Amino acid sequence: MPRIVRPTSYGSPDVLTTTEVPVPKAAADGVVVEVRAAGVNPIDWKLYSGSFHAVDDDHKDAAGIAASMPAIGLECAGVVTEVGADVTGVRVGDEVIVHPVTAAYADYVTAPATSVVAKPAGLGWAEAGSLMLAGTTAVHALHAAGVGAGDTVLVHGGAGGVGLMGVQLAAAAGAAVIATASERNHALLRELGATPVAYGPGLADRVRATAPRGVTAAVDFAGTDEALDVSLELVADRDRIASIAGSPRRAAAGVKLLGYGPGQDAGTAIRAAARGELAERAGSGALRVVVDTTFPLAEAAKAHEVGLAGHAPGKLVLIP
Ligand SMILES: NC(=O)c1ccc[n+]([C@@H]2O[C@H](COP(=O)([O-])OP(=O)(O)OC[C@H]3O[C@@H](n4cnc5c(N)ncnc54)[C@H](OP(=O)(O)O)[C@@H]3O)[C@@H](O)[C@H]2O)c1
């Protein structure tokens, strides 16, 4: 029987449970995909940690979320096994990348056909399954901050899944890239076209020393107070600071807030439109998907423990 991994209650990764379920059926406008790799993202553990529930308690209660736990796994890659009656352009047997999707921590997943992009032949399953959430987020952030040729952009959290995408895409767009990371990830960031700096006390001075002519834009993939404070100190124009973390301080500072929370711009159209080019770049090798570790599907909890520790350079991926 096919398996699915779901949280059974709010809590830490030990609430993740593998259960057996029938192969799902495709909706008329959807497909069924046999999953070969599912990307792990912080949103997956945030969904069942209770952090969103606590923030938005009334709404969640009204929506009955506490009674019915969220499915997790917002991206994957695999092989199409069924196509809905109204779907054109996707066939059984196609190798595809699927995002956005829910419940991708599974052997089979259903998705709207609009979530499917062809997997480039040269791209590995693990890389394909973990490209899109981070990649589309990075595209959105760089777009929001207006990053392009001639810019010097500060990328906070440069060694994370989103950061490694942001670093490469900003460099490819012709920007000079300064990226924050711990020392052990500096060589990787240099390889990908960035000048690394260590985060922590003194960050603003280290960035100034690296970019004596100044920083023109900042993208915050770390979500820390330091990332906000240093961005505000170094970038004169607040419209050129974008953050993937929402917080009252960020909202009050007037920086661009990206995501799905209150006051954040979800960038749905920009993110959807970016998928084709991201696949093409990753397939040609122009964009590297750095996979840190793969785990068997049944070890999703272990993957989340590693993710929660907060220092995986690149993507964590589940392999059914
Ligand atoms: N709003 C949105 O649409 C959206 C979309 C995607 C992700 N997100 C959020 O964005 C954040 C990053 O996502 P991700 O997938 O890139 O996470 P990730 O891959 O788990 O990020 C891990 C990286 O964070 C770095 N890091 C840890 N502490 C840091 C600090 N104080 N300063 C700078 N870097 C630090 C680590 O680098 P070192 O090992 O070098 O310390 C590590 O490589 C998460 O909070 C996620 O929920 C938001």
# chains A, B, ... in the order shown; residues from 1 in each chain; ligands from 1
$ select_by_dssp --residues "segment 4-50 of chain A" --states "helix (DSSP H, G or I)" --output "list of chain:residue names"
A:Pro13, A:Asp14, A:Val15, A:Pro42, A:Ile43, A:Asp44, A:Trp45, A:Lys46, A:Leu47, A:Tyr48, A:Ser49
$ residues_around --residues "Val230 of chain A" --least-positions-apart "5" --cutoff "9 Å" --atoms "only C-alpha atoms" --output "PyMOL selection string"
chain A and resi 203-204+225+235
$ write_last_selection --atoms "C-alpha atoms" --output "JSON list (two decimals), in the first residue's frame"
[["chain", "number", "residue", "atom", "x", "y", "z"],
["A", 203, "LEU", "CA", 28.13, 42.31, 10.60],
["A", 204, "ALA", "CA", 27.45, 45.84, 9.32],
["A", 225, "ASP", "CA", 16.63, 40.91, 14.12],
["A", 235, "VAL", "CA", 20.38, 50.18, 2.49]]
$ residues_around --residues "Ala252 of chain A" --least-positions-apart "3" --cutoff "12 Å" --atoms "only C-alpha atoms" --output "list in words"
Leu228, Leu232, Arg238, Gly246, Ser247, Pro248, Arg249, Val255, Lys256, Leu257 and Gly263 of chain A
$ write_last_selection --atoms "C-alpha atoms" --output "compact mmCIF listing (two decimals), in the first residue's frame"
# COMPACT_ATOMS: atom_id res chain seq x y z
CA LEU A 228 16.60 43.56 9.65
CA LEU A 232 18.13 49.15 7.54
CA ARG A 238 13.43 50.66 2.23
CA GLY A 246 6.95 38.63 8.76
CA SER A 247 7.25 40.48 12.06
CA PRO A 248 5.79 43.64 13.61
CA ARG A 249 9.22 45.28 13.54
CA VAL A 255 10.39 46.87 4.24
CA LYS A 256 8.78 44.51 1.74
CA LEU A 257 7.23 41.48 3.43
CA GLY A 263 0.54 41.97 5.46
$ closest_atom_pairs --of "segment 69-118 of chain A" --to "segment 133-149 of chain A" --cutoff "10 Å" --atoms "only C-alpha atoms" --output "CSV"
residue,atom,partner,partner_atom,distance
A:Leu74,CA,A:Leu133,CA,7.5
A:Glu75,CA,A:Leu133,CA,6.7
A:Cys76,CA,A:Leu133,CA,9.5
A:Val98,CA,A:Leu133,CA,10.0
A:His99,CA,A:Leu133,CA,7.2
A:Pro100,CA,A:Leu133,CA,7.8
$ residues_around --residues "Lys315 of chain A" --least-positions-apart "5" --cutoff "7 Å" --atoms "only C-alpha atoms" --output "JSON, numbers by chain"
{"A": [130, 161, 290, 291, 292, 293]}
$ write_last_selection --atoms "N, CA and C atoms" --output "compact mmCIF listing (two decimals), in the first residue's frame"
# COMPACT_ATOMS: atom_id res chain seq x y z
N SER A 130 13.46 19.41 -4.94
CA SER A 130 13.71 20.45 -3.93
C SER A 130 14.08 21.79 -4.55
N GLY A 161 18.51 26.90 1.94
CA GLY A 161 17.92 26.49 0.67
C GLY A 161 17.56 27.70 -0.19
N VAL A 290 21.73 22.66 -4.43
CA VAL A 290 22.65 22.02 -3.48
C VAL A 290 21.83 21.16 -2.52
N VAL A 291 21.98 19.85 -2.66
CA VAL A 291 21.27 18.93 -1.76
C VAL A 291 22.23 18.56 -0.64
N ASP A 292 21.84 18.86 0.58
CA ASP A 292 22.71 18.54 1.72
C ASP A 292 22.59 17.07 2.07
N THR A 293 21.37 16.59 2.31
CA THR A 293 21.17 15.19 2.74
C THR A 293 19.85 14.67 2.20
$ residues_around --residues "Gly73 of chain A" --least-positions-apart "3" --cutoff "8 Å" --atoms "only C-alpha atoms" --output "PyMOL selection string"
chain A and resi 38-41+44+76+101-105
$ residues_near_ligand --ligand "ligand 1" --cutoff "7 Å" --atoms "only C-alpha atoms and all ligand atoms" --output "PyMOL selection string"
chain A and resi 41-43+133-134+137+156-163+180-185+199-200+221-224+244-245+258-260+266+307+310-315
$ residues_around --residues "Ala126 of chain A" --least-positions-apart "6" --cutoff "8 Å" --atoms "only C-alpha atoms" --output "short mmCIF file (atom, residue, chain, number, x, y, z; two decimals) with N, CA and C atoms, in the first residue's frame"
data_model
loop_
_atom_site.label_atom_id
_atom_site.label_comp_id
_atom_site.auth_asym_id
_atom_site.auth_seq_id
_atom_site.Cartn_x
_atom_site.Cartn_y
_atom_site.Cartn_z
N ARG A 36 9.16 10.60 -6.52
CA ARG A 36 10.54 10.07 -6.45
C ARG A 36 11.39 10.85 -5.46
N ALA A 37 11.02 12.10 -5.21
CA ALA A 37 11.75 12.91 -4.22
C ALA A 37 10.85 14.05 -3.78
N ALA A 38 10.83 14.32 -2.47
CA ALA A 38 10.03 15.42 -1.94
C ALA A 38 10.94 16.37 -1.16
N GLY A 39 10.93 17.63 -1.52
CA GLY A 39 11.75 18.61 -0.83
C GLY A 39 11.21 18.89 0.57
N ALA A 77 9.09 15.81 -6.99
CA ALA A 77 9.28 15.44 -8.40
C ALA A 77 8.95 13.96 -8.52
N VAL A 291 21.98 19.85 -2.66
CA VAL A 291 21.27 18.93 -1.76
C VAL A 291 22.23 18.56 -0.64
N THR A 294 19.83 13.40 1.78
CA THR A 294 18.57 12.73 1.46
C THR A 294 18.25 11.73 2.58
N VAL A 317 16.03 16.32 1.59
CA VAL A 317 15.10 15.73 0.62
C VAL A 317 14.68 14.34 1.10
N LEU A 318 13.40 14.02 0.93
CA LEU A 318 12.87 12.69 1.27
C LEU A 318 12.75 11.85 0.00
N ILE A 319 13.19 10.62 0.09
CA ILE A 319 13.12 9.71 -1.06
C ILE A 319 12.20 8.54 -0.69
#
$ closest_residue --among "A:Ala111, A:Ala272, A:Leu189, A:Val306" --to "Ala171 of chain A" --atoms "only C-alpha atoms"
A:Leu189
$ closest_residue --among "A:Met1, A:Gly50, A:Ile270, A:Thr216" --to "Pro13 of chain A" --atoms "only C-alpha atoms"
A:Gly50
$ closest_residue --among "A:Arg240, A:Arg208, A:Lys119, A:Arg190" --to "Glu277 of chain A" --atoms "only C-alpha atoms"
A:Lys119
$ atom_distance --atom1 "atom CA of Ser115 of chain A" --atom2 "atom CA of Pro22 of chain A"
22.0 Å
$ closest_residue --among "A:Ala286, A:Ala209, A:Leu308, A:Val109" --to "Gly193 of chain A" --atoms "only C-alpha atoms"
A:Ala286
$ select_by_dssp --residues "segment 41-287 of chain A" --states "strand (DSSP E)" --output "mmCIF file with N, CA and C atoms, in the first residue's frame"
data_model
loop_
_atom_site.group_PDB
_atom_site.id
_atom_site.type_symbol
_atom_site.label_atom_id
_atom_site.label_comp_id
_atom_site.auth_asym_id
_atom_site.auth_seq_id
_atom_site.Cartn_x
_atom_site.Cartn_y
_atom_site.Cartn_z
ATOM 1 N N CYS A 76 7.576 18.382 -4.910
ATOM 2 C CA CYS A 76 8.163 17.069 -5.170
ATOM 3 C C CYS A 76 8.486 16.937 -6.653
ATOM 4 N N ALA A 77 9.094 15.810 -6.989
ATOM 5 C CA ALA A 77 9.281 15.440 -8.396
ATOM 6 C C ALA A 77 8.952 13.964 -8.516
ATOM 7 N N GLY A 78 8.447 13.566 -9.674
ATOM 8 C CA GLY A 78 8.075 12.168 -9.849
ATOM 9 C C GLY A 78 7.551 11.890 -11.240
ATOM 10 N N VAL A 79 6.837 10.767 -11.351
ATOM 11 C CA VAL A 79 6.370 10.292 -12.656
ATOM 12 C C VAL A 79 4.835 10.282 -12.665
ATOM 13 N N VAL A 80 4.250 10.862 -13.693
ATOM 14 C CA VAL A 80 2.789 10.941 -13.791
ATOM 15 C C VAL A 80 2.223 9.526 -14.022
ATOM 16 N N THR A 81 1.237 9.158 -13.170
ATOM 17 C CA THR A 81 0.616 7.829 -13.307
ATOM 18 C C THR A 81 -0.849 7.907 -13.722
ATOM 19 N N GLU A 82 -1.473 9.094 -13.587
ATOM 20 C CA GLU A 82 -2.863 9.262 -14.030
ATOM 21 C C GLU A 82 -3.078 10.720 -14.397
ATOM 22 N N VAL A 83 -3.895 10.921 -15.420
ATOM 23 C CA VAL A 83 -4.177 12.281 -15.885
ATOM 24 C C VAL A 83 -5.690 12.462 -15.916
ATOM 25 N N GLU A 95 8.004 12.675 -16.690
ATOM 26 C CA GLU A 95 8.774 12.998 -15.481
ATOM 27 C C GLU A 95 8.575 14.483 -15.191
ATOM 28 N N VAL A 96 8.091 14.780 -13.994
ATOM 29 C CA VAL A 96 7.655 16.153 -13.719
ATOM 30 C C VAL A 96 8.137 16.657 -12.358
ATOM 31 N N ILE A 97 8.141 17.979 -12.259
ATOM 32 C CA ILE A 97 8.322 18.670 -10.979
ATOM 33 C C ILE A 97 6.948 19.197 -10.585
ATOM 34 N N VAL A 98 6.569 19.052 -9.315
ATOM 35 C CA VAL A 98 5.233 19.449 -8.877
ATOM 36 C C VAL A 98 5.336 20.462 -7.734
ATOM 37 N N TYR A 108 2.469 8.640 -3.452
ATOM 38 C CA TYR A 108 1.704 9.227 -4.563
ATOM 39 C C TYR A 108 1.092 10.534 -4.097
ATOM 40 N N VAL A 109 0.991 11.470 -5.023
ATOM 41 C CA VAL A 109 0.379 12.752 -4.694
ATOM 42 C C VAL A 109 -0.567 13.165 -5.812
ATOM 43 N N THR A 110 -1.652 13.868 -5.447
ATOM 44 C CA THR A 110 -2.501 14.488 -6.476
ATOM 45 C C THR A 110 -2.175 15.966 -6.517
ATOM 46 N N ALA A 111 -2.309 16.542 -7.717
ATOM 47 C CA ALA A 111 -2.033 17.970 -7.865
ATOM 48 C C ALA A 111 -2.820 18.502 -9.045
ATOM 49 N N PRO A 112 -3.137 19.794 -9.021
ATOM 50 C CA PRO A 112 -3.713 20.389 -10.225
ATOM 51 C C PRO A 112 -2.667 20.326 -11.350
ATOM 52 N N VAL A 116 2.272 21.430 -12.452
ATOM 53 C CA VAL A 116 3.257 20.516 -13.034
ATOM 54 C C VAL A 116 4.150 21.233 -14.053
ATOM 55 N N VAL A 117 5.459 20.986 -13.925
ATOM 56 C CA VAL A 117 6.441 21.488 -14.892
ATOM 57 C C VAL A 117 7.290 20.283 -15.305
ATOM 58 N N ALA A 118 7.660 20.199 -16.571
ATOM 59 C CA ALA A 118 8.481 19.070 -17.031
ATOM 60 C C ALA A 118 9.822 19.059 -16.303
ATOM 61 N N THR A 152 24.720 46.046 -5.695
ATOM 62 C CA THR A 152 25.433 45.232 -4.705
ATOM 63 C C THR A 152 24.371 44.804 -3.706
ATOM 64 N N VAL A 153 24.085 43.508 -3.663
ATOM 65 C CA VAL A 153 22.990 43.016 -2.829
ATOM 66 C C VAL A 153 23.535 42.211 -1.652
ATOM 67 N N LEU A 154 22.957 42.465 -0.495
ATOM 68 C CA LEU A 154 23.294 41.700 0.706
ATOM 69 C C LEU A 154 22.249 40.604 0.882
ATOM 70 N N VAL A 155 22.701 39.345 0.875
ATOM 71 C CA VAL A 155 21.792 38.197 1.038
ATOM 72 C C VAL A 155 21.994 37.638 2.447
ATOM 73 N N HIS A 156 21.000 37.828 3.301
ATOM 74 C CA HIS A 156 21.077 37.253 4.651
ATOM 75 C C HIS A 156 20.630 35.792 4.584
ATOM 76 N N ALA A 176 26.561 42.273 -7.786
ATOM 77 C CA ALA A 176 27.617 41.826 -6.881
ATOM 78 C C ALA A 176 26.907 41.338 -5.619
ATOM 79 N N VAL A 177 27.295 40.145 -5.138
ATOM 80 C CA VAL A 177 26.534 39.506 -4.062
ATOM 81 C C VAL A 177 27.402 39.328 -2.820
ATOM 82 N N ILE A 178 26.904 39.827 -1.704
ATOM 83 C CA ILE A 178 27.535 39.581 -0.406
ATOM 84 C C ILE A 178 26.551 38.721 0.374
ATOM 85 N N ALA A 179 27.002 37.585 0.893
ATOM 86 C CA ALA A 179 26.067 36.656 1.533
ATOM 87 C C ALA A 179 26.546 36.304 2.925
ATOM 88 N N THR A 180 25.605 36.296 3.891
ATOM 89 C CA THR A 180 25.970 35.939 5.259
ATOM 90 C C THR A 180 25.836 34.431 5.472
ATOM 91 N N ALA A 194 29.356 34.445 -4.706
ATOM 92 C CA ALA A 194 29.141 35.468 -3.669
ATOM 93 C C ALA A 194 30.419 35.738 -2.886
ATOM 94 N N THR A 195 30.474 36.891 -2.259
ATOM 95 C CA THR A 195 31.496 37.165 -1.259
ATOM 96 C C THR A 195 30.865 36.876 0.094
ATOM 97 N N PRO A 196 31.364 35.858 0.805
ATOM 98 C CA PRO A 196 30.732 35.510 2.084
ATOM 99 C C PRO A 196 31.218 36.398 3.228
ATOM 100 N N VAL A 197 30.317 36.660 4.166
ATOM 101 C CA VAL A 197 30.693 37.308 5.430
ATOM 102 C C VAL A 197 30.007 36.543 6.564
ATOM 103 N N ALA A 217 20.819 46.974 -2.142
ATOM 104 C CA ALA A 217 19.597 46.204 -1.860
ATOM 105 C C ALA A 217 19.936 45.090 -0.877
ATOM 106 N N ALA A 218 18.906 44.609 -0.175
ATOM 107 C CA ALA A 218 19.115 43.486 0.754
ATOM 108 C C ALA A 218 17.922 42.547 0.689
ATOM 109 N N VAL A 219 18.202 41.253 0.721
ATOM 110 C CA VAL A 219 17.131 40.259 0.821
ATOM 111 C C VAL A 219 17.393 39.421 2.073
ATOM 112 N N ASP A 220 16.359 39.316 2.882
ATOM 113 C CA ASP A 220 16.497 38.666 4.193
ATOM 114 C C ASP A 220 15.878 37.284 4.145
ATOM 115 N N ILE A 241 14.574 46.620 0.320
ATOM 116 C CA ILE A 241 14.815 45.588 1.339
ATOM 117 C C ILE A 241 13.604 44.657 1.323
ATOM 118 N N ALA A 242 13.835 43.372 1.076
ATOM 119 C CA ALA A 242 12.735 42.405 1.060
ATOM 120 C C ALA A 242 13.032 41.310 2.066
ATOM 121 N N SER A 243 11.993 40.900 2.800
ATOM 122 C CA SER A 243 12.178 39.854 3.814
ATOM 123 C C SER A 243 11.138 38.765 3.645
ATOM 124 N N LYS A 256 9.729 45.361 2.461
ATOM 125 C CA LYS A 256 8.777 44.512 1.743
ATOM 126 C C LYS A 256 8.675 43.143 2.411
ATOM 127 N N LEU A 257 7.468 42.745 2.723
ATOM 128 C CA LEU A 257 7.229 41.480 3.428
ATOM 129 C C LEU A 257 6.636 40.474 2.452
#
$ closest_residue --among "A:Ala26, A:Leu287, A:Ala187, A:Leu316" --to "Ala172 of chain A" --atoms "only C-alpha atoms"
A:Leu287
$ closest_residue --among "A:Asp237, A:Ala274, A:Glu20, A:Arg206" --to "Gly254 of chain A" --atoms "only C-alpha atoms"
A:Asp237
